[in-house]
Amino acid sequence: MGFLRKFLGYGGAQLGLLCLVFFLGLAAVPNAVVGPLETAGTASGDFLAPPQSQHLLGTDEVGRDVLNLVVHGARISLTIALLATVISLVVGTTIGMTAGYYGGRVDVWLMRLTDFFFVMPSFVLALVITPVFLQVMGRGGEILGFRPSLFVIIVVIGMTSWAFGTRIVRSQTLSLKERTFVDRARVAGSSNFSIMIRHILPNLVPQIAANGALVVAGAIYVETSLSFLGLGDPLQPSWGTLLSLAQRAGAASAGAWWYLGAPGLCVIAVSLSFVLIGNALDDTFNPRHRVIP
Amino acid sequence: MASTGIGAPKSQHVGRIFLRAAVTLLMVASLNFILFRIIPGDPAALLLGGARTSVTAEQMEAQRQNWGLDRPLFPDQVVDYLSASLHGDFGYSFKFRGRHVSDLILERLPATVALVGLAQFIAILCGVMLGLYAGWRRGGAVDHIVTGASLALYSTPSFWLGMLLVVIFSTALGWLPGYGAYSPGAISGSLDWLIDYLRHLALPVTAVTLGLIGQYVVVARAAMSDVVTEDYMVTARAKGLNRGQMLMRHAFRNAMLPVVTLITLNLGYVVAGAITVEAVFAWPGIGGLTVEALNARDYPVLQGIFLLLGASIVVANLVTDLAYGILDPRVRQ
Amino acid sequence: MIDCSQSGVPLLEVDGLSVDYGLKGVSLRAIDGVSFALGAGQAVALVGESGSGKTTTAMAIAGLLSPNARVGSGEVRYRGNRLPIDDDAAMRPHRWSETSVIFQGAMNALNPVHRVIKQIAEPCMLKLGMSCGEATARARELLELVGIPADRGAAYPHELSGGMRQRVMIAMALACRPSIVIGDEPTTALDVITQAQILKLLGELRSQLNLALILITHDLSVVAECCDHVMIMYSGRIVEDGTVAEIFAKPNHPYTRLLIESIPNPASGKRIIRPIPGDPPNLMNRPSGCAFHRRCPSAMAVCATEVPSLDTFGLGRVACHLHQSLTQEDKVAAHA
C-alpha cells in the first residue's frame with residue numbers, strides 16, 4: 001500500500017487523523033465519558049459558573065456541565081456532518097457518473113441542474129428549505145430513528161452540497177469511459193449499470209475520498225451556522241446549537257468564555273482535521289496542488 | 001490594437017453568460033414558489049400575514065382573486081408568482097403586520113451592504129495579497145505561518161470569532177460596543193454619529209473579515225504556486241527579468257484568473273458569515289431580519305431574503321464571468 | 001575543434017563542468033566534466049536521450065539552473081570571462097542580451113494573457129532601455145524577420161498556429177541581438193513540414209546575423225539542416241564530438257553508430273527501425289566505467305571498470321576504449 005504510506009507521511013494527515021480519532025471516540029461512547037446528557041432538570045451546577053474541579057469546562061445558564069454538553073454535541077455534530085456527506089457523495093457520484101457515462105442530452109440536463117447547485121451555496125439553500133420542511137414534518141415523532149429536525153437538516157445539507165463532487169466525478173468518468181478496460185467489459189456483454197459499478201466507480205474512489213473530506217468540513221460549517229440561527233434541535237444540541245444557546249443566554253456579554261469557547265474550539269478542530277486530511281488525500285492521489293473548494 | 005476575428009465569439013460568450021444568469025434566477029424563484037406551496041395552510045392566509053391574523057372571508061376571497069389563487073396552479077399561478085417576484089412583491093410580513101416584505105428588506109439593506117462591503121473589500125485585498133506572496137515564496141517562513149493561520153481561520157465560523165471579539169474587546173476591555181449599530185440619543189448625520197457608527201461597525205467587520213480572509217489566502221496561494229511552475233515563468237527568467245518584474249508582469253495576472261473564479265464560488269461563506277455575525281451583534285441588517293423571520297416562521301420575509309441572496313449571487317457570478325473574459329483572452333473564443 | 005576568433009579567445013568555453021541536483025538529501029550528478037568551446041557564428045548540436053544531460057548543459061550556459069542545482073566543478077567562460085552561473089542575480093545582465101533561449105513548446109513558454117508583440121517588445125524595453133514605441137517598432141521588425149506579418153503581433157499565443165508560435169519564440173530570442181542562441185528542442189512539438197521550415201529559418205538567421213547556435217535535440221535527423229558540429233551526450237558526459245559530415249559518414253562511438261542506425265530512412269527502403277537495446281541510463285544508478293557498456297555491442301572487460309576519457313581522434317573527439325588503444329598507436333606513430 002504505497003499510497004497509504006505516502007498519505008501518512010504528511011504531517012497534516014497525521015494531525016488530522018489523530019484529532020479525528022479522538023473526537024470519534026467521544027462521539028461513539030459519550031455516556032461512558034461524561035454520563036448521560038444533562039437537562040435543565042438534571043443540571044448539577046450553578047448558573048454560568050467558570051471552570052472548576054467539578055465542572056472542568058464550567059456550566060451553562062441553567063447549571064448544566066459544559067463538558068457533558070460538548071461531548072454529547074460531538075456525537076450529534078459528527079452524525080449530522082457524516083450522514084449529510086454520505087448523501088452528498090451518493091447523489092453527486094450518481095449524477096456525475098450518469099452524466100459523464102451517457103453524455104448527450106442526459107449530460108446537458110443533469111449538468112444544468114448541477115450548475116444551479118454549484119452556483120447557489122448550500123447554506124443559502126438550506127436557510128430557506130430547512131424551516132419549510134421543519135414546519136411540514138412537525139417537531140414530534142421519529143423518522144428512521146432520528147428526530148425530525150435532525151433528519152431534515154441532514155437531508156437538506158446532503159441534498160444541497162453535491163455539485164462540486166459531481167463536476168469532479170463527471171470529468172473523471174469522461175476520461176475513464178474511453179479506456180480499454182471499459183471497451184473490453186462492453187464487448188464481454190456487461191450492462192451499462194454493471195460497467196459503471198464494477199469498472200468506473202472503483203477508479204473514482206481517490207477523487208471521491210479527497211472531495212468527501214472537504215464536503216464534511218463544509219457540512220460542519222453549514223450545520224453550525226444553521227443551528228446557530230436557531231434551526232437546530234435544543235433537545236439534541238449540536239455544537240452549533242450550544243453556541244446558539246450561549247448567544248441567547250448572553251454568554252459573550254457576561255464574559256462566559258468557557259461556554260462559547262468549548263464548542264467553538266471543537267468545531268474548529270474537527271473542521272480543520274477534515275480539511276487537512278482532504279488536502280493530504282488530494283496531494284497523495286493527485287500531485288498537482290489543488291485549491292480547497 | 002484591433003485584432004481580427006474575435007468580435008463575434010465574444011458577443012456570443014457574453015450572451016451565454018447572461019442566459020445562464022437568467023436561468024439560475026428563474027430557478028431560485030421557482031424554488032420559492034414550490035416551497036411556498038408546500039407549507040401547510042391556505043396560501044391566501046399566508047399572504048395576508050399568516051394564519052394567526054384575523055381576516056374576514058371577503059378579504060380572503062379578494063386576496064385569492066388578487067393573487068389569482070382561484071385560477072389553475074400551472075401555468076397561471078406560476079407565471080403570476082414569478083412576475084410578482086420580479087417586481088419585488090412578496091406579500092406581507094407575518095411578524096411585522098401589514099408591512100410589505102420588500103419595504104422591510106430595503107430598510108435593512110444599507111446596514112448589511114456597509115458591513116459586508118467593507119469586510120469583503122478588506123478580506124479580498126489583504127487575503128489575496130498575503131496568499132499570492134505566500135505562494136510566490138512557497139516553503140518560506142512567511143508561507144508556513146500564513147498558510148497555517150489561514151487554514152485555522154478557514155475552519156472557524158465567523159460568528160464564533162464575533163462572540164470571541166465581544167468577550168475580549170467589549171466585555172473584558174470595554175473598548176468597543178458589542179451590540180447594535182448606534183448608541184441611544186445620537187443625532188443622525190453629525191460627526192459624532194458617524195464615529196459612533198464606525199465604532200459599532202468595528203467588531204462585526206473584523207469578525208466577518210477574519211472569517212473570510214483565510215479562504216482567500218488559501219485560494220490565492222494555490223493559484224500562485226501553480227503559476228510559478230509554468231513554462232512562461234522560465235521564459236521570463238531567461239529574458240533577464242528580476243524577481244519583481246517576473247511577479248508583476250507575468251505571474252500576477254495569471255494567478256488572479258483562478259482567484260477571481262474561486263472568490264465567487266465561496267460566496268456561501270460570505271452570506272453565512274454576514275448573517276450569523278449580524279445575529280451576534282444585533283446588527284440591524286438583512287442577517288438580523290433573517291433571524292427574526294426564522295424565529296417567527298415569517299415565510300414571506302424569508303422568501304424575499306432568499307430571492308435577494310439568490311439575485312446577489314447570480315449578479316456576482318455574472319460580474320465574475322464578464323471580468324474573467326476581460327482578464328483571460330482564451331475564453332473569448 | 002574550434003578556430004579561434006581574432007582575439008584568440010573563443011566566444012564560449014565550457015571547461016570541465018559538472019552539475020549536481022539535490023533531491024531529498026540525495027545528490028545526483030546530471031552532467032560530469034563537460035568541456036567544449038564555441039566560436040562566434042558556429043552552430044553545434046547537443047544530441048542525446050532524455051537524462052543525458054544535454055538540457056542541463058544548455059541551462060547552465062544560459063544561467064538558468066534551477067534552485068536545487070549546484071555547480072560541482074568547472075566553469076563557463078564567455079569571451080574569456082567566467083560566468084557566475086550559480087548566482088541567479090549576477091547572471092541577469094547576461095541573460096537574453098548575450099545568450100537567449102528558444103524553448104520547446106511555445107504554447108506554454110509564451111504567456112497566455114499577453115499579446116505576442118508585447119512579449120517580444122518586453123526585453124527591448126527592460127534590457128535595452130527602449131521606449132515603448134521604439135520597442136514595438138523593433139518587435140514589428142523582428143516579426144517580419146521571422147516571416148510573420150507584423151500585424152499578427154496583436155494576436156494572443158492561443159490564436160496562432162504551432163509553427164507561428166515557434167516563430168514568435170525565435171523573434172523574441174533575437175530581440176536583444178544576442179551572440180548565442182540556444183534552441184531547446186525547438187521543433188519537437190511540430191509536424192514534419194513545419195519542423196523543416198523552422199530549421200531552415202534558424203539556419204538562415206544564423207548566417208544572416210552571425211549567431212552562435214546551440215541546438216538541443218534527441219533527434220539526429222534535424223541536426224544536418226542547420227548545424228556544423230555535433231556533440232553526442234550519454235549519461236551526463238560527452239561521448240563523441242565532430243563535424244556533422246564526419247559523424248554521419250564515420251561514427252566512432254558505438255552509441256553514435258546505433259543512434260544513426262535508428263533514424264528511419266525512407267529513401268534507403270529500409271522499413272525496420274532498429275531501436276537501441278536496453279534502457280536509457282538512470283542517474284540514480286549510473287553504471288561503473290563507461291556508462292554505455294551494458295548496452296554496447298562491442299563492450300570489453302575494461303569498459304565496466306574504467307571511465308574512458310574524451311580524447312582527440314581524427315578531426316573530432318571520442319570517449320571510447322575501442323579507440324583509446326588506437327589513439328595510443330596513433331601517438332606512437334606520430335612520434336616515430
# chains A, B, ... in the order shown; residues from 1 in each chain; ligands from 1
>>> residues_around(residues="Met169 (chain C)", least_positions_apart="4", cutoff="7 Å", atoms="only C-alpha atoms", output="count of residues only")
4
>>> select_by_dssp(residues="region 138-304 of chain C", states="strand (DSSP E)", output="list in words")
Ile180, Val181, Ile182, Gly183, Asp184, Ala212, Leu213, Ile214, Leu215, Ile216, Thr217, His229, Val230, Met231, Ile232, Met233, Tyr234, Arg237, Ile238, Val239, Glu240, Asp241, Gly242 and Thr243 of chain C
>>> write_last_selection(atoms="C-alpha atoms", output="PDB file, in the first residue's frame")
ATOM      1  CA  ILE C 180      24.460  32.915 -28.656  1.00  0.00           C
ATOM      2  CA  VAL C 181      21.016  31.412 -29.178  1.00  0.00           C
ATOM      3  CA  ILE C 182      20.152  28.114 -27.520  1.00  0.00           C
ATOM      4  CA  GLY C 183      17.401  26.102 -29.182  1.00  0.00           C
ATOM      5  CA  ASP C 184      15.942  23.673 -26.615  1.00  0.00           C
ATOM      6  CA  ALA C 212      26.337  31.108 -32.467  1.00  0.00           C
ATOM      7  CA  LEU C 213      23.675  28.413 -32.204  1.00  0.00           C
ATOM      8  CA  ILE C 214      23.428  25.574 -29.704  1.00  0.00           C
ATOM      9  CA  LEU C 215      20.699  23.155 -30.730  1.00  0.00           C
ATOM     10  CA  ILE C 216      19.489  20.701 -28.106  1.00  0.00           C
ATOM     11  CA  THR C 217      17.760  17.666 -29.583  1.00  0.00           C
ATOM     12  CA  HIS C 229      29.173  20.379 -35.296  1.00  0.00           C
ATOM     13  CA  VAL C 230      27.545  17.597 -33.297  1.00  0.00           C
ATOM     14  CA  MET C 231      28.211  16.555 -29.724  1.00  0.00           C
ATOM     15  CA  ILE C 232      26.715  13.257 -28.589  1.00  0.00           C
ATOM     16  CA  MET C 233      25.954  13.056 -24.867  1.00  0.00           C
ATOM     17  CA  TYR C 234      25.276   9.947 -22.843  1.00  0.00           C
ATOM     18  CA  ARG C 237      29.117  13.012 -20.450  1.00  0.00           C
ATOM     19  CA  ILE C 238      30.114  13.908 -23.996  1.00  0.00           C
ATOM     20  CA  VAL C 239      30.921  10.619 -25.733  1.00  0.00           C
ATOM     21  CA  GLU C 240      31.680  11.885 -29.209  1.00  0.00           C
ATOM     22  CA  ASP C 241      32.061  15.180 -30.967  1.00  0.00           C
ATOM     23  CA  GLY C 242      32.862  16.102 -34.533  1.00  0.00           C
ATOM     24  CA  THR C 243      31.591  17.793 -37.662  1.00  0.00           C
TER      25      THR C 243
END
>>> interface_residues(of="chain B", to="chain A", cutoff="8 Å", atoms="only C-alpha atoms", output="MDAnalysis selection string")
chainID B and resid 24 27 35 38:40 151:152 155:157 160 163:164 166:167 170:172 178 218:219 222:223 226 262 265:268 271:272 276 279:280 291 294:295 297 302:303 306 309:310 313:314 317
>>> write_last_selection(atoms="N, CA and C atoms", output="CSV table (one decimal), in the first residue's frame")
chain,number,residue,atom,x,y,z
B,24,THR,N,-30.7,30.7,-13.8
B,24,THR,CA,-30.5,30.4,-12.4
B,24,THR,C,-31.5,31.2,-11.6
B,27,MET,N,-34.8,29.7,-11.6
B,27,MET,CA,-34.8,28.5,-10.7
B,27,MET,C,-35.0,28.9,-9.3
B,35,LEU,N,-41.7,25.9,-2.5
B,35,LEU,CA,-41.6,25.9,-1.0
B,35,LEU,C,-42.9,26.5,-0.4
B,38,ILE,N,-45.7,24.2,-0.4
B,38,ILE,CA,-45.6,23.0,0.5
B,38,ILE,C,-46.0,23.3,1.9
B,39,ILE,N,-45.8,24.6,2.3
B,39,ILE,CA,-46.2,25.0,3.7
B,39,ILE,C,-47.6,24.7,3.9
B,40,PRO,N,-47.9,24.0,5.0
B,40,PRO,CA,-49.3,23.8,5.3
B,40,PRO,C,-50.1,25.1,5.5
B,151,LEU,N,-5.5,28.3,7.3
B,151,LEU,CA,-6.3,27.0,7.4
B,151,LEU,C,-7.1,27.0,8.7
B,152,ALA,N,-6.6,27.5,9.8
B,152,ALA,CA,-7.3,27.6,11.0
B,152,ALA,C,-8.5,28.6,10.9
B,155,SER,N,-11.4,27.3,8.9
B,155,SER,CA,-12.2,26.3,9.6
B,155,SER,C,-13.0,26.9,10.7
B,156,THR,N,-12.9,28.2,10.9
B,156,THR,CA,-13.5,28.9,12.1
B,156,THR,C,-14.8,29.6,11.6
B,157,PRO,N,-15.9,29.3,12.3
B,157,PRO,CA,-17.2,30.1,11.9
B,157,PRO,C,-17.0,31.6,12.3
B,160,TRP,N,-18.5,32.8,15.6
B,160,TRP,CA,-17.7,32.5,16.8
B,160,TRP,C,-16.6,33.5,17.1
B,163,MET,N,-18.3,36.4,18.6
B,163,MET,CA,-18.5,36.2,20.1
B,163,MET,C,-17.2,36.4,20.9
B,164,LEU,N,-16.2,35.9,20.3
B,164,LEU,CA,-14.9,36.0,21.0
B,164,LEU,C,-14.5,37.4,21.1
B,166,VAL,N,-16.4,40.0,21.2
B,166,VAL,CA,-17.2,40.7,22.2
B,166,VAL,C,-16.7,40.4,23.6
B,167,VAL,N,-16.4,39.1,23.8
B,167,VAL,CA,-15.8,38.8,25.1
B,167,VAL,C,-14.6,39.6,25.4
B,170,SER,N,-15.2,44.0,24.2
B,170,SER,CA,-16.4,44.7,24.7
B,170,SER,C,-16.5,44.4,26.2
B,171,THR,N,-16.7,43.1,26.5
B,171,THR,CA,-16.9,42.8,27.9
B,171,THR,C,-15.7,43.0,28.8
B,172,ALA,N,-14.6,42.4,28.4
B,172,ALA,CA,-13.4,42.4,29.3
B,172,ALA,C,-12.7,43.8,29.2
B,178,GLY,N,-20.4,46.2,21.6
B,178,GLY,CA,-20.6,44.8,21.1
B,178,GLY,C,-22.1,44.6,20.7
B,218,VAL,N,-5.8,30.9,1.1
B,218,VAL,CA,-5.6,29.6,0.6
B,218,VAL,C,-5.8,29.5,-0.9
B,219,VAL,N,-6.8,30.2,-1.4
B,219,VAL,CA,-7.1,30.2,-2.8
B,219,VAL,C,-6.0,30.9,-3.6
B,222,ALA,N,-2.6,28.9,-3.6
B,222,ALA,CA,-2.6,27.7,-4.5
B,222,ALA,C,-2.5,28.2,-5.9
B,223,ALA,N,-3.2,29.3,-6.3
B,223,ALA,CA,-3.1,29.8,-7.7
B,223,ALA,C,-1.7,30.2,-8.0
B,226,ASP,N,0.8,27.4,-8.5
B,226,ASP,CA,0.7,26.8,-9.8
B,226,ASP,C,1.4,27.6,-10.9
B,262,LEU,N,-12.7,31.6,-7.9
B,262,LEU,CA,-12.9,30.9,-6.6
B,262,LEU,C,-13.5,31.8,-5.6
B,265,LEU,N,-17.1,31.4,-6.0
B,265,LEU,CA,-17.6,30.1,-5.6
B,265,LEU,C,-17.7,30.0,-4.1
B,266,ASN,N,-17.0,30.8,-3.3
B,266,ASN,CA,-17.0,30.8,-1.9
B,266,ASN,C,-18.0,31.8,-1.3
B,267,LEU,N,-18.9,32.3,-2.1
B,267,LEU,CA,-19.9,33.3,-1.7
B,267,LEU,C,-20.7,32.8,-0.5
B,268,GLY,N,-20.9,31.5,-0.5
B,268,GLY,CA,-21.7,30.9,0.6
B,268,GLY,C,-21.1,31.3,2.0
B,271,VAL,N,-22.1,34.9,2.8
B,271,VAL,CA,-23.5,35.0,3.2
B,271,VAL,C,-23.7,34.5,4.6
B,272,ALA,N,-23.1,33.2,4.8
B,272,ALA,CA,-23.3,32.6,6.2
B,272,ALA,C,-22.6,33.5,7.2
B,276,THR,N,-24.8,35.3,10.3
B,276,THR,CA,-24.6,34.9,11.6
B,276,THR,C,-23.9,36.0,12.5
B,279,ALA,N,-26.3,38.4,13.6
B,279,ALA,CA,-27.1,37.9,14.7
B,279,ALA,C,-26.4,38.0,16.0
B,280,VAL,N,-25.0,37.9,16.0
B,280,VAL,CA,-24.3,38.0,17.2
B,280,VAL,C,-24.3,39.5,17.7
B,291,VAL,N,-32.8,36.3,11.1
B,291,VAL,CA,-33.0,35.6,12.4
B,291,VAL,C,-34.4,35.8,12.9
B,294,LEU,N,-36.8,33.8,10.9
B,294,LEU,CA,-36.7,32.4,11.2
B,294,LEU,C,-37.4,32.1,12.5
B,295,ASN,N,-37.2,32.9,13.5
B,295,ASN,CA,-37.8,32.7,14.8
B,295,ASN,C,-39.4,32.8,14.8
B,297,ARG,N,-41.1,32.2,12.0
B,297,ARG,CA,-41.5,31.5,10.8
B,297,ARG,C,-42.2,32.4,9.9
B,302,LEU,N,-38.7,35.5,4.6
B,302,LEU,CA,-37.6,34.5,4.3
B,302,LEU,C,-37.4,34.4,2.8
B,303,GLN,N,-38.6,34.3,2.1
B,303,GLN,CA,-38.5,34.1,0.7
B,303,GLN,C,-38.0,35.3,0.0
B,306,PHE,N,-34.4,35.2,0.5
B,306,PHE,CA,-33.8,34.2,-0.4
B,306,PHE,C,-33.6,34.7,-1.8
B,309,LEU,N,-30.8,37.2,-1.8
B,309,LEU,CA,-29.4,36.5,-1.8
B,309,LEU,C,-29.2,35.8,-3.1
B,310,GLY,N,-30.2,35.1,-3.7
B,310,GLY,CA,-30.0,34.4,-4.9
B,310,GLY,C,-29.6,35.4,-6.0
B,313,ILE,N,-26.1,36.6,-5.6
B,313,ILE,CA,-25.1,35.6,-6.0
B,313,ILE,C,-25.0,35.5,-7.6
B,314,VAL,N,-26.2,35.5,-8.2
B,314,VAL,CA,-26.2,35.4,-9.6
B,314,VAL,C,-25.5,36.6,-10.2
B,317,ASN,N,-21.8,36.2,-9.8
B,317,ASN,CA,-21.3,35.3,-10.8
B,317,ASN,C,-21.2,35.9,-12.2
>>> closest_residue(among="C:Gly236, C:Asn252, C:Met130, C:Leu110", to="Leu283 (chain C)", atoms="only C-alpha atoms")
C:Gly236
>>> closest_atom_pairs(of="chain C", to="chain B", cutoff="9 Å", atoms="only C-alpha atoms", output="tab-separated table")
residue	atom	partner	partner_atom	distance
C:Ala62	CA	B:Ala238	CA	7.5
C:Gly63	CA	B:Ala238	CA	8.0
C:Leu64	CA	B:Ala238	CA	6.6
C:Ala89	CA	B:Asn242	CA	7.6
C:Met91	CA	B:Gly240	CA	7.9
C:Arg92	CA	B:Gly240	CA	4.7
C:Pro93	CA	B:Gly240	CA	6.5
C:His94	CA	B:Gly240	CA	7.5
C:Arg95	CA	B:Gly240	CA	4.9
C:Trp96	CA	B:Lys239	CA	5.0
C:Ser97	CA	B:Gly240	CA	8.2
C:Thr99	CA	B:Ala238	CA	8.8
C:Ser100	CA	B:Ala238	CA	7.0
C:Val101	CA	B:Ala238	CA	7.1
C:Ile102	CA	B:Thr235	CA	8.9
C:Phe103	CA	B:Thr235	CA	7.7
C:Gly105	CA	B:Asp231	CA	8.9
C:Ala106	CA	B:Tyr232	CA	8.8
C:Met107	CA	B:Tyr232	CA	8.9
C:Asn108	CA	B:Asp231	CA	5.5
C:Ala109	CA	B:Tyr232	CA	4.2
C:Leu110	CA	B:Tyr232	CA	5.3
C:Asn111	CA	B:Tyr232	CA	5.4
C:Pro112	CA	B:Arg330	CA	7.6
C:Val113	CA	B:Asp328	CA	5.8
C:His114	CA	B:Pro329	CA	8.3
C:Glu122	CA	B:Lys239	CA	8.7
C:Pro123	CA	B:Lys239	CA	6.3
C:Leu126	CA	B:Leu241	CA	7.7
C:Lys127	CA	B:Gly240	CA	7.6
C:Asp151	CA	B:Ser3	CA	8.6
C:Arg152	CA	B:Ser3	CA	8.1
C:Ala154	CA	B:Ser3	CA	6.0
C:Ala155	CA	B:Ser3	CA	6.5
C:Tyr156	CA	B:Pro329	CA	7.2
C:His158	CA	B:Arg330	CA	6.8
C:Glu159	CA	B:Arg330	CA	8.4
C:Ala173	CA	B:Lys239	CA	8.5
>>> closest_residue(among="B:Ala29, B:Val116, B:Met129, B:Ala62", to="Gly211 (chain B)", atoms="only C-alpha atoms")
B:Val116
>>> select_by_dssp(residues="region 158-282 of chain A", states="alpha helix (DSSP H)", output="PyMOL selection string")
chain A and resi 158-160+163-176+180-187+192-195+201-226+239-248+257-282
>>> atom_distance(atom1="CA of Thr57 (chain C)", atom2="CA of Ile31 (chain C)")
7.0 Å
>>> residues_around(residues="region 232-236 of chain A", least_positions_apart="5", cutoff="12 Å", atoms="only C-alpha atoms", output="VMD selection string")
(chain A and resid 36 to 40 69 to 77 79 to 80 127 130 to 131 134 139 to 140 146 to 154 222 to 227 241 to 246) or (chain B and resid 294 to 295)
>>> write_last_selection(atoms="N, CA and C atoms", output="short mmCIF file (atom, residue, chain, number, x, y, z; two decimals), in the first residue's frame")
data_model
loop_
_atom_site.label_atom_id
_atom_site.label_comp_id
_atom_site.auth_asym_id
_atom_site.auth_seq_id
_atom_site.Cartn_x
_atom_site.Cartn_y
_atom_site.Cartn_z
N PRO A 36 -24.91 10.44 31.06
CA PRO A 36 -25.99 10.81 30.14
C PRO A 36 -26.10 12.32 29.97
N LEU A 37 -26.68 12.74 28.86
CA LEU A 37 -26.83 14.16 28.55
C LEU A 37 -27.65 14.85 29.64
N GLU A 38 -27.08 15.91 30.21
CA GLU A 38 -27.79 16.63 31.26
C GLU A 38 -28.88 17.51 30.67
N THR A 39 -29.97 17.64 31.42
CA THR A 39 -31.04 18.56 31.01
C THR A 39 -31.18 19.60 32.10
N ALA A 40 -32.07 20.56 31.87
CA ALA A 40 -32.30 21.59 32.90
C ALA A 40 -32.70 20.93 34.21
N LEU A 69 -22.13 18.65 27.82
CA LEU A 69 -22.83 19.10 26.61
C LEU A 69 -21.95 18.96 25.37
N VAL A 70 -20.67 19.32 25.53
CA VAL A 70 -19.78 19.33 24.38
C VAL A 70 -19.51 17.91 23.89
N VAL A 71 -19.33 16.96 24.82
CA VAL A 71 -19.06 15.58 24.42
C VAL A 71 -20.29 15.00 23.71
N HIS A 72 -21.48 15.25 24.25
CA HIS A 72 -22.67 14.78 23.57
C HIS A 72 -22.87 15.52 22.24
N GLY A 73 -22.46 16.80 22.23
CA GLY A 73 -22.54 17.57 20.99
C GLY A 73 -21.69 16.96 19.89
N ALA A 74 -20.55 16.35 20.27
CA ALA A 74 -19.68 15.71 19.29
C ALA A 74 -20.45 14.65 18.53
N ARG A 75 -21.21 13.86 19.28
CA ARG A 75 -21.98 12.79 18.65
C ARG A 75 -22.98 13.36 17.64
N ILE A 76 -23.66 14.42 18.05
CA ILE A 76 -24.71 14.98 17.18
C ILE A 76 -24.10 15.69 15.97
N SER A 77 -23.09 16.53 16.23
CA SER A 77 -22.48 17.27 15.12
C SER A 77 -21.86 16.32 14.11
N THR A 79 -22.54 13.12 13.62
CA THR A 79 -23.58 12.34 12.93
C THR A 79 -24.16 13.13 11.78
N ILE A 80 -24.53 14.39 12.07
CA ILE A 80 -25.12 15.21 11.02
C ILE A 80 -24.14 15.38 9.86
N LEU A 127 -30.98 27.54 4.24
CA LEU A 127 -31.60 28.58 5.07
C LEU A 127 -33.09 28.73 4.78
N THR A 130 -34.86 24.49 4.98
CA THR A 130 -34.97 23.83 6.28
C THR A 130 -36.22 24.25 7.07
N PRO A 131 -36.49 25.56 7.27
CA PRO A 131 -37.67 25.89 8.07
C PRO A 131 -38.97 25.39 7.46
N LEU A 134 -39.17 21.72 8.23
CA LEU A 134 -39.42 21.52 9.66
C LEU A 134 -40.90 21.72 9.95
N ARG A 139 -42.38 18.82 14.73
CA ARG A 139 -41.19 18.58 15.55
C ARG A 139 -41.27 17.25 16.31
N GLY A 140 -42.45 16.61 16.34
CA GLY A 140 -42.59 15.38 17.12
C GLY A 140 -42.26 14.14 16.32
N PHE A 146 -34.36 9.10 13.71
CA PHE A 146 -33.88 10.45 14.04
C PHE A 146 -35.06 11.34 14.39
N ARG A 147 -34.81 12.30 15.27
CA ARG A 147 -35.84 13.33 15.47
C ARG A 147 -35.97 14.11 14.17
N PRO A 148 -37.19 14.54 13.83
CA PRO A 148 -37.41 15.16 12.51
C PRO A 148 -36.46 16.33 12.23
N SER A 149 -36.17 17.15 13.26
CA SER A 149 -35.35 18.32 12.99
C SER A 149 -33.94 17.90 12.58
N LEU A 150 -33.42 16.83 13.20
CA LEU A 150 -32.10 16.32 12.83
C LEU A 150 -32.14 15.75 11.42
N PHE A 151 -33.21 14.96 11.16
CA PHE A 151 -33.36 14.32 9.86
C PHE A 151 -33.41 15.37 8.74
N VAL A 152 -34.21 16.42 8.97
CA VAL A 152 -34.36 17.46 7.94
C VAL A 152 -33.02 18.11 7.65
N ILE A 153 -32.29 18.45 8.70
CA ILE A 153 -31.05 19.18 8.49
C ILE A 153 -30.01 18.31 7.77
N ILE A 154 -29.99 17.00 8.11
CA ILE A 154 -29.06 16.09 7.43
C ILE A 154 -29.38 16.03 5.93
N VAL A 222 -21.83 24.52 7.62
CA VAL A 222 -23.23 24.87 7.35
C VAL A 222 -24.11 24.49 8.54
N GLU A 223 -23.89 23.28 9.09
CA GLU A 223 -24.71 22.83 10.22
C GLU A 223 -24.56 23.78 11.40
N THR A 224 -23.30 24.14 11.70
CA THR A 224 -23.05 25.03 12.83
C THR A 224 -23.74 26.37 12.63
N SER A 225 -23.65 26.90 11.41
CA SER A 225 -24.26 28.20 11.14
C SER A 225 -25.79 28.13 11.23
N LEU A 226 -26.38 27.07 10.65
CA LEU A 226 -27.84 26.93 10.69
C LEU A 226 -28.32 26.76 12.12
N SER A 227 -27.63 25.90 12.87
CA SER A 227 -28.03 25.67 14.25
C SER A 227 -27.89 26.94 15.07
N THR A 241 -25.82 24.38 18.02
CA THR A 241 -26.95 24.68 18.88
C THR A 241 -26.46 25.22 20.23
N LEU A 242 -25.38 24.63 20.75
CA LEU A 242 -24.83 25.11 22.02
C LEU A 242 -24.40 26.57 21.89
N LEU A 243 -23.77 26.89 20.76
CA LEU A 243 -23.35 28.28 20.55
C LEU A 243 -24.56 29.19 20.45
N SER A 244 -25.65 28.67 19.85
CA SER A 244 -26.88 29.45 19.76
C SER A 244 -27.46 29.69 21.16
N LEU A 245 -27.45 28.64 21.99
CA LEU A 245 -27.94 28.79 23.37
C LEU A 245 -27.07 29.78 24.14
N ALA A 246 -25.75 29.68 23.92
CA ALA A 246 -24.83 30.60 24.61
C ALA A 246 -25.12 32.03 24.21
N LEU B 294 -36.80 33.78 10.88
CA LEU B 294 -36.70 32.36 11.21
C LEU B 294 -37.44 32.07 12.51
N ASN B 295 -37.23 32.91 13.53
CA ASN B 295 -37.84 32.67 14.83
C ASN B 295 -39.36 32.77 14.76
#
>>> atom_distance(atom1="CA of Trp136 (chain B)", atom2="CA of Leu65 (chain C)")
18.3 Å
>>> atom_distance(atom1="CA of Ser52 (chain C)", atom2="CA of Phe313 (chain C)")
22.1 Å
